[in-house]
Structure formats: structure tokens, C-alpha cells
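*Asks:* Got a structure here, written out as C-alpha cells. Questions coming.
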Amino acid sequence: MAEVSSLYEQGDYDRALPVAERALQIAEQSLGADHRELADIIGDLGVLQESRGRYATAESLYERALNIREKTLPQNHPDIVLGLENLARAYCARSRYADCEALCRRALTIQEKTFGPDHVTVADSLDDLAEVRAAQGRHEQAESLYQRALAIRENAFGPDHPRVARSLDNLAAIRAAQDDFAQAEWFHERALAVWEKALGPDHLEVAASLRGFAAVCHAEGKYALAESLLQHALEIQEKVLGPEHPDLATTLSDLARAQQAQDKLAGAEPLYERALAIREKALGAHHPLVAASLGDIASLRAAQGRYSVAQPLHERALAIRQEALGPEHPDVATSLANLAELYRAQDQYPQAEPLYEQALALREAALGPDHPDVATNLANLAELYYVEGRYAQAEALYERALAAAEKAFGEDHLHLALTLNGLAVLFSVQGRYGEAEPLYERSVGIWERILGPDHPDVATGLGNLAVMYDAQGRYEEAEPLHRRALAIREKALGSDHPHVATSLENLADVYRAQGRYAEAQPLYERALSIGEDTLGLDHPDVASALSGLAELYRAQGKSAEAEPLHGRALAIREKVLGAEHPEVALSLENLAALYRETERAPEAAALEERARAIRAIDR
């Protein structure tokens with residue numbers, strides 16, 4: 001099996017698989033179907049099938065290997081642990097968490113009984129059990145297991161051993177999952193120092209630790225730092241593994257996400273494409289990781305407003321996951337939710353709703369009612385109900401999402417902030433300002449405490465609160481919030497990011513409402529320029545900026561300047577969103593008002609009639 005191991009480490013799974021199958025066939029013919037030595041060959045074949053994303057096939061092979069070991073070895077033999085670990089990993093990949101945990105606990109018991117509770121092999125079993133608990137959102141339980149594993153390794157090897165570094169990386173990830181980013185960074189920095197000292201700066205374990213560190217930085221909004229760490233990790237991997245190894249694809253995707261978060265869409269796109277090409281070549285066209293790459297590219301296309309291009313990619317990702325993982329896997333729910341979000345962005349609510357509901361049902365069945373992913377799904381479905389005007393149903397789901405997140409994390413976790421903000425928006429549009437305001441303030445407080453006062457999420461909360469003040473005519477209170485949101489976004493995202501354009505528009509709206517037209521105009525013009533440069537001439541956000549600038553001109557009686565802008569906004573919305581979209585109705589109404597002001601009543605009436613027909617559509 002040496003050839004199999006060599007091919008596997010090179011990422012050449014296509015060549016390794018038939019070699020392993022032939023080795024098994026020869027061994028079965030010479031040794032019989034239940035010989036002890038077959039378990040190792042079958043286990044290796046299971047690893048290859050797992051690497052190809054064939055989890056059901058891998059699971060059956062692992063079950064057979066474990067059965068052989070249990071028949072031919074004493075009850076608590078250490079080699080049985082390997083079989084338990086392999087099968088547990090397959091169960092976890094298919095979200096069979098209860099079955100996975102039972103096997104991990106059994107493996108831990110064997111190790112403790114065989115070697116004692118403080119042996120280094122026990123630490124490995126503790127890590128496995130911690131990982132499955134973390135996957136279920138049971139972070140505090142996972143952390144206690146990781147801490148015990150760290151103590152064992154430090155006692156056995158000292159503080160500067162690579163196995164200690166692995167424990168530190170594990171603890172960093174679990175602290176980040178609980179929003180303790182400062183502690184997570186400390187663990188990663190310490191782990192990196194150990195890895196580099198013990199193995200050298202160009203080791204693959206150093207690259208893996210860099211990727212973990214980058215994930216923490218990304219969650220904190222430190223996108224430039226995350227990008228730098230990922231570039232370093234990629235350089236190490238390319239040097240050691242070559243340019244086409246499948247392990248590079250994950251780093252490439254992470255790097256693309258860091259660039260996308262900074263609105264470097266031109267840089268992100270080839271990285272996503274390269275990751276997809278690597279995975280398709282190494283893993284085959286139907287691997288779940290190929291589905292992940294397709295989802296990444298689809299999300300980028302959607303961010304560019306290219307919805308028709310994004311949809312078939314999401315649909316292909318969904319089909320792959322259903323085939324490879326089964327129809328009830330949480331990753332299938334992810335693809336359903338992605339497709340639902342795409343429909344929602346286009347206001348195709350009847351298509352989005354059943355997909356959100358299917359995703360929610362899958363996640364609740366697989367993960368339980370209080371899992372963070374369930375809370376996110378509830379909030380997404382609530383947002384859909386909100387935009388449809390189904391406020392009572394939206395409120396009930398937001399409350400459920402909030403309760404699930406509070407149960408899982410307590411009262412000050414990031415998972416709560418977005419849901420609080422969504423519920424506040426819901427209250428605000430209903431004029432329930434007294435209920436909305438403390439929710440906005442609480443969400444902003446959570447973001448500021450956890451992410452710091454200059455994080456883009458803080459700007460989102462401030463902007464929403466300021467928009468509520470706008471609706472109440474509280475312009476003096478709104479203006480400094482809009483200004484602060486703008487400053488945060490310019491500092492964190494750069495002066496040409498689309499979110500900066502949003503803040504510019506919001507501030508311009510305040511100035512326009514106060515008759516401060518000279519101050520509003522350059523803000524609208526800058527927002528429009530940013531949108532055209534970063535999103536393209538036909539993006540819906542460009543239509544929004546055009547509409548705002550046109551309304552500014554109309555307020556000043558400059559109908560000749562306003563009309564072509566309103567016409568262009570209408571054309572964009574019809575082209576991108578469809579002729580019956582509510583934003584098309586808004587453009588029709590704006591243009592009709594301008595026609596009436598310029599004594600073109602018949603033309604205005606025709607546009608108003610069309611707008612009424614759109615508004616009357618049952619969505």
C-alpha cells in the first residue's frame with residue numbers, strides 16, 4: 001500500500017483508488033474475507049472514497065473494517081480505536097452526530113483504559129470528541145475537552161512541541177466560535193511560534209495555522225490582515241505541494257472571500273475559479289467541495305447583480321450535495337438557503353419561501369432547534385416575511401431566532417446582533433419606534449463590544465438607527481450617526497466600497513430632506529460614481545443612486561436634469577429585476593410625479609396605472 005499512500009499525499013486520488021481496490025482484491029483472494037490484515041487495506045480504501053466525497057461508500061467500508069477488527073482483536077485493543085475514529089468521521093460528514101459522538105466516546109474509553117487518563121493518545125481522542133461537540137454548537141463542552149488535551153500534551157512534551165501547537169490552534173477556533181477574538185488571536189500567535197520553531201517556517205502545519213488565524217481575523221473584520229496571512233499560507237502550500245493540490249483550493253477560496261469582503265471583486269474571481277478547477281480535476285465534478293466552490297462563485301455573481309448567472313451555479317451545487325450527502329444533510333440546507341437568498345434578492349418571494357422552509361426543516365432535524373444555523377435560517381425567513389409585508393409572521397420568527405441564539409450563546413453574542421437589528425427594522429417600519437430603538441442600541445452595543453467601534457457591522461447598525469430617526473424627522477440626531485457610519489466604512493472598507501456609497505446616499509437623503517441641496521448633490525454624485533465603478537452600469541444600487549440624485553434635481557425644479565436620471569434608473573430596474581418588481585413601481589411613480597409637474601398628465605397617468613398594477617401583485 002506504499003504506492004497508495006504516496007499517490008494520496010500527492011492529491012492524486014484518481015490513480016490511488018484503483019490501486020487500493022486491486023490490493024484489496026488480491027488480499028481477499030489470498031487471506032480470505034475476514035483476515036485481520038484486510039482491515040487496514042479496507043480502511044485506506046475508505047479514506048480514498050471519503051476524499052472523493054463518496055461518504056456513504058466510505059461509511060460501509062469503515063463499518064466492514066471495524067467489524068473485522070472487533071472479530072479478530074481483543075475487546076479494548078488500541079487498533080480498534082482507529083476503526084472507531086474512521087467510522088466516526090464518516091458519520092460526522094453525514095451529520096450523524098449522535099452516532100459519531102457514541103463512537104468517539106467509546107474510543108476515548110478504550111484509550112483511557114489501555115493507557116491511563118493522562119496518556120498522549122487520550123488527547124487525540126479528546127480532540128475528536130471535542131470536534132463533534134463543536135459541530136453541534138456545544139462550544140463550552142468542546143472547549144473543556146480541548147483544554148484537557150492541551151494539559152496532557154504540555155505535561156508530556158513541554159510547551160514547545162508541535163502537538164501542543166495543535167491544541168492551541170483548536171482552542172483558538174473554539175474561542176473564536178464564542179466571539180472571544182482576542183483570546184483566539186493569542187492562541188494562534190502562540191501556536192504559530194511553536195510550529196515555526198519546531199518545524200520551520202515553510203511547513204504545511206504552519207500554513208494550516210495561518211489559515212486558522214486568518215479565519216479569526218476575517219470574523220473580526222480585519223480583512224487586510226486575513227488576506228496577508230492567507231497569501232503566506234498559499235505560498236507555503238504551493239512550494240510544498242505544487243500548484244494543483246486539492247489542499248490549495250480551500251486557501252484560495254478563503255483568500256477570495258477576504259478580497260471580496262474588501263470589494264476586490266476582480267481579484268476574488270480568478271481565485272474562486274482556480275479553486276473550482278483544482279477541485280474538479282482532483283476530486284471529480286460531483287464532490288461536495290466542488291459544490292462549495294460553485295456556491296462561492298454564485299455568491300460573487302449575485303454580489304455583482306448577475307443573478308441569472310448565479311442561479312444555475314447554486315442549482316448545480318444543490319444537486320451535487322443532494323447526491324453526495326443525501327437529501328437531509330445540513331449542507332443541502334445551505335444550498336437551499338443560498339438559492340432562496342438569490343430569489344429573495346430579486347423579490348421572487350414565492351420561489352424563495354419554500355426553499356427557506358425546506359432548509360429550516362433540514363437544519364432543525366439535523367442540528368436541533370437551538371443550533372446557531374437554525375437561528376440564522378429563522379432570521380432569513382423572517383426577513384422574507386418582512387419584505388412581503390407579513391409582519392406578524394416575521395416578528396414570530398425573529399423572536400424564535402433570538403431565543404435560539406440566546407440559549408446557545410447568552411445575551412451578548414454576535415449571532416444575536418443581526419437578529420436584533422432585523423427585528424428593530426421590522427418594528428421601525430411599523431412605526432413602533434419605542435420598541436425598535438432599544439433593539440438597535442443593543443445590537444450596536446454587541447457589535448462595538450465584540451468587534452470594536454470601527455467595524456463595518458457597527459456602521460450597519462448605526463445607519464439603520466439613523467434611518468429610523470430620518471423617518472421620525474429627527475435629522476439632527478440622524479446626521480452624526482450617518483457621518484460616523486460613513487467614516488467607519490471608509491476606514492475599514494476603503495473609499496470606493498459599495499457600502500460607502502450606501503452611507504453617502506443615506507447622508508445625502510438627510511440633507512435633501514432639510515433642503516440642504518448643495519451639500520447633498522456631491523454625495524449623491526460620489527455614490528453614483530462608486531456604484532458604476534465597482535458594480536457596473538446596470539446594477540440595482542446604481543439605479544438607487546440615480547433615483548436619489550434625480551429626486552434632488554426635482555426638488556430644486558430642475559426637471560430637465562432629473563428626467564434622464566429617472567429614465568435610466570427605470571431601465572436598469574426593468575432589465576435586472578424584471579418588469580413587475582416593486583422597485584420598478586417606485587421608478588414609475590417618481591417619473592410620473594415629474595411628468596405631472598411638467599404638465600404631461602396623460603403620460604403620468606399611464607405610468608401611475610402601471611405602477612398600481614405592480615403594487616397590486618400578491619407577493
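Labeling convention for the C-alpha cells: chains A, B, ... as they appear, residues from 1 per chain, ligands from 1 in order of appearance.
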Considering only C-alpha atoms, return as a list in words whatever protein or nucleic-acid residues lie within 8 Å of region 318-320 of chain A, sequence-local ones (same chain, fewer than 3 positions apart) excluded.
*Replies:*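 Here the answer would be His286, His287, Pro288, Ala291, His314, Glu315, Glu323, Ala324, Val332, Ser335 and Leu336 of chain A.
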*Asks:* Export, as an mmCIF file, in the first residue's frame, the selected residues with C-alpha atoms.
*Replies:*
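Output file out_11.cif follows:
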data_model
loop_
_atom_site.group_PDB
_atom_site.id
_atom_site.type_symbol
_atom_site.label_atom_id
_atom_site.label_comp_id
_atom_site.auth_asym_id
_atom_site.auth_seq_id
_atom_site.Cartn_x
_atom_site.Cartn_y
_atom_site.Cartn_z
ATOM 1 C CA HIS A 286 -19.600 15.657 -8.141
ATOM 2 C CA HIS A 287 -17.636 16.208 -4.926
ATOM 3 C CA PRO A 288 -19.203 18.315 -2.134
ATOM 4 C CA ALA A 291 -20.370 22.333 -4.692
ATOM 5 C CA HIS A 314 -26.412 27.392 -6.984
ATOM 6 C CA GLU A 315 -28.694 24.793 -8.577
ATOM 7 C CA GLU A 323 -26.456 13.242 -4.481
ATOM 8 C CA ALA A 324 -23.246 13.052 -2.444
ATOM 9 C CA VAL A 332 -28.049 20.644 1.392
ATOM 10 C CA SER A 335 -27.537 25.321 -0.862
ATOM 11 C CA LEU A 336 -31.310 25.652 -0.447
#
*Asks:* I'd like the neighbourhood of Tyr62 (chain A) as a list in words, where a residue qualifies if any of its atoms comes within 9 Å (using only C-alpha atoms), though same-chain residues fewer than 6 positions away should be ignored.
*Replies:* Ala39, Ile42, Gly43, Leu45, Gly46, Val47, Gly83, Leu84, Asn86, Leu87 and Ala90 of chain A
*Asks:* Could you give me, as CSV, every region 229-288 of chain A residue with an atom at most 12 Å from region 489-507 of chain A, plus its closest atom pair and distance in Å to one decimal, counting only C-alpha atoms, rows ordered by chain then number?
*Replies:*
residue,atom,partner,partner_atom,distance
A:Ala258,CA,A:Leu493,CA,11.3
A:Gln259,CA,A:Leu493,CA,10.5
A:Gln260,CA,A:Leu493,CA,10.5
A:Ala261,CA,A:Leu493,CA,8.0
A:Gln262,CA,A:Leu493,CA,5.5
A:Asp263,CA,A:His497,CA,6.0
A:Lys264,CA,A:His497,CA,9.0
A:Leu265,CA,A:His497,CA,10.6
*Asks:* Quick one: everything within 12 Å of region 27-36 of chain A, counting only C-alpha atoms, minus sequence neighbours fewer than 5 positions away in the same chain. Send it as a list in words.
*Replies:*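 Contacts, with the query itself left out: Met1, Ala20, Glu21, Arg22, Ile41, Ile42, Gly43, Arg64, Ala65, Leu66, Asn67, Ile68, Arg69, Glu70, Lys71, Thr72, Leu73, Pro74, Asp79 and Ile80 of chain A.
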*Asks:* Can you tell me which residues surround region 566-582 of chain A at a distance of at most 8 Å, considering only C-alpha atoms, apart from same-chain residues fewer than 6 positions away, and format the answer as a list in words?
*Replies:*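 Neighbouring residues, sequence-local ones excluded: Gly305, Gln346, Asp347, Asp538, His539, Pro540, Val542, Ala543, Ser544, Leu546, Ser547, Ala550, Leu588, Asn590, Leu591, Ile614 and Arg615 of chain A.
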*Asks:* Identify, on the basis of only C-alpha atoms, every residue whose closest approach to Gln111 (chain A) does not exceed 9 Å; exclude the query and any residue fewer than 5 positions from it along the same chain; express the result as a VMD selection string.
*Replies:* chain A and resid 76 to 78 81 106 116 to 117 119 121 to 122 125
*Asks:* Rank A:Leu378, A:Val216, A:Ala545, A:Val429 by their smallest atom-to-atom distance to Tyr469 (chain A), using only C-alpha atoms, and report the top residue only.
*Replies:*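 Smallest distance to Tyr469 (chain A) is found for A:Val429.
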*Asks:* Which polymer residues have any atom within 10 Å of an atom of Ala466 (chain A), counting only C-alpha atoms, with same-chain residues fewer than 2 positions away left out, as a list in words?
*Replies:* Tyr440, Thr460, Gly461, Leu462, Gly463, Asn464, Met468, Tyr469, Asp470, Ala471, Gln472, Arg474, Tyr475, Glu476, Glu477, Ala478, Glu479, Pro480, Leu481, His482, Arg483, Ala485, Asn506, Leu507 and Val510 of chain A
*Asks:* Take the residues from that selection and write them out as a PDB file, in the first residue's frame, keeping N, CA and C atoms.
*Replies:*
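Okay, part_15.pdb is ready:
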ATOM      1  N   TYR A 440     -32.073  48.415  18.363  1.00  0.00           N
ATOM      2  CA  TYR A 440     -30.951  48.961  17.594  1.00  0.00           C
ATOM      3  C   TYR A 440     -29.755  49.225  18.519  1.00  0.00           C
ATOM      4  N   THR A 460     -23.373  49.363  10.007  1.00  0.00           N
ATOM      5  CA  THR A 460     -24.697  48.903   9.583  1.00  0.00           C
ATOM      6  C   THR A 460     -25.747  49.244  10.631  1.00  0.00           C
ATOM      7  N   GLY A 461     -25.445  48.937  11.894  1.00  0.00           N
ATOM      8  CA  GLY A 461     -26.386  49.239  12.959  1.00  0.00           C
ATOM      9  C   GLY A 461     -26.638  50.726  13.117  1.00  0.00           C
ATOM     10  N   LEU A 462     -25.581  51.508  13.061  1.00  0.00           N
ATOM     11  CA  LEU A 462     -25.721  52.963  13.177  1.00  0.00           C
ATOM     12  C   LEU A 462     -26.549  53.525  12.018  1.00  0.00           C
ATOM     13  N   GLY A 463     -26.279  53.023  10.820  1.00  0.00           N
ATOM     14  CA  GLY A 463     -27.028  53.504   9.659  1.00  0.00           C
ATOM     15  C   GLY A 463     -28.504  53.198   9.771  1.00  0.00           C
ATOM     16  N   ASN A 464     -28.844  51.987  10.225  1.00  0.00           N
ATOM     17  CA  ASN A 464     -30.254  51.625  10.384  1.00  0.00           C
ATOM     18  C   ASN A 464     -30.938  52.475  11.448  1.00  0.00           C
ATOM     19  N   MET A 468     -34.075  55.230  10.950  1.00  0.00           N
ATOM     20  CA  MET A 468     -35.280  55.334  11.775  1.00  0.00           C
ATOM     21  C   MET A 468     -35.489  56.770  12.262  1.00  0.00           C
ATOM     22  N   TYR A 469     -34.400  57.415  12.663  1.00  0.00           N
ATOM     23  CA  TYR A 469     -34.507  58.822  13.052  1.00  0.00           C
ATOM     24  C   TYR A 469     -34.979  59.674  11.876  1.00  0.00           C
ATOM     25  N   ASP A 470     -34.487  59.370  10.672  1.00  0.00           N
ATOM     26  CA  ASP A 470     -34.948  60.089   9.477  1.00  0.00           C
ATOM     27  C   ASP A 470     -36.465  60.001   9.353  1.00  0.00           C
ATOM     28  N   ALA A 471     -36.989  58.779   9.525  1.00  0.00           N
ATOM     29  CA  ALA A 471     -38.429  58.564   9.373  1.00  0.00           C
ATOM     30  C   ALA A 471     -39.233  59.377  10.382  1.00  0.00           C
ATOM     31  N   GLN A 472     -38.631  59.702  11.511  1.00  0.00           N
ATOM     32  CA  GLN A 472     -39.300  60.494  12.542  1.00  0.00           C
ATOM     33  C   GLN A 472     -39.016  61.984  12.401  1.00  0.00           C
ATOM     34  N   ARG A 474     -36.107  63.254  12.835  1.00  0.00           N
ATOM     35  CA  ARG A 474     -35.096  63.589  13.855  1.00  0.00           C
ATOM     36  C   ARG A 474     -33.725  63.724  13.157  1.00  0.00           C
ATOM     37  N   TYR A 475     -33.672  64.695  12.250  1.00  0.00           N
ATOM     38  CA  TYR A 475     -32.499  64.802  11.383  1.00  0.00           C
ATOM     39  C   TYR A 475     -31.234  65.185  12.149  1.00  0.00           C
ATOM     40  N   GLU A 476     -31.379  65.991  13.195  1.00  0.00           N
ATOM     41  CA  GLU A 476     -30.190  66.394  13.947  1.00  0.00           C
ATOM     42  C   GLU A 476     -29.556  65.207  14.662  1.00  0.00           C
ATOM     43  N   GLU A 477     -30.378  64.227  15.066  1.00  0.00           N
ATOM     44  CA  GLU A 477     -29.834  63.014  15.671  1.00  0.00           C
ATOM     45  C   GLU A 477     -29.325  62.038  14.610  1.00  0.00           C
ATOM     46  N   ALA A 478     -29.978  62.026  13.464  1.00  0.00           N
ATOM     47  CA  ALA A 478     -29.597  61.077  12.409  1.00  0.00           C
ATOM     48  C   ALA A 478     -28.260  61.444  11.778  1.00  0.00           C
ATOM     49  N   GLU A 479     -28.048  62.731  11.541  1.00  0.00           N
ATOM     50  CA  GLU A 479     -26.870  63.152  10.775  1.00  0.00           C
ATOM     51  C   GLU A 479     -25.548  62.665  11.373  1.00  0.00           C
ATOM     52  N   PRO A 480     -25.295  62.839  12.687  1.00  0.00           N
ATOM     53  CA  PRO A 480     -23.999  62.364  13.199  1.00  0.00           C
ATOM     54  C   PRO A 480     -23.835  60.850  13.112  1.00  0.00           C
ATOM     55  N   LEU A 481     -24.953  60.099  13.190  1.00  0.00           N
ATOM     56  CA  LEU A 481     -24.857  58.639  13.048  1.00  0.00           C
ATOM     57  C   LEU A 481     -24.490  58.268  11.613  1.00  0.00           C
ATOM     58  N   HIS A 482     -25.135  58.930  10.649  1.00  0.00           N
ATOM     59  CA  HIS A 482     -24.779  58.676   9.242  1.00  0.00           C
ATOM     60  C   HIS A 482     -23.319  59.042   8.981  1.00  0.00           C
ATOM     61  N   ARG A 483     -22.877  60.139   9.567  1.00  0.00           N
ATOM     62  CA  ARG A 483     -21.484  60.554   9.376  1.00  0.00           C
ATOM     63  C   ARG A 483     -20.528  59.527   9.973  1.00  0.00           C
ATOM     64  N   ALA A 485     -21.144  56.306  10.528  1.00  0.00           N
ATOM     65  CA  ALA A 485     -21.204  55.086   9.710  1.00  0.00           C
ATOM     66  C   ALA A 485     -20.348  55.247   8.462  1.00  0.00           C
ATOM     67  N   ASN A 506     -27.419  57.745   2.215  1.00  0.00           N
ATOM     68  CA  ASN A 506     -28.201  57.995   3.423  1.00  0.00           C
ATOM     69  C   ASN A 506     -27.994  59.419   3.929  1.00  0.00           C
ATOM     70  N   LEU A 507     -26.747  59.847   3.950  1.00  0.00           N
ATOM     71  CA  LEU A 507     -26.454  61.195   4.418  1.00  0.00           C
ATOM     72  C   LEU A 507     -27.025  62.235   3.447  1.00  0.00           C
ATOM     73  N   VAL A 510     -30.672  62.809   4.085  1.00  0.00           N
ATOM     74  CA  VAL A 510     -30.918  63.706   5.212  1.00  0.00           C
ATOM     75  C   VAL A 510     -30.781  65.161   4.775  1.00  0.00           C
TER      76      VAL A 510
END
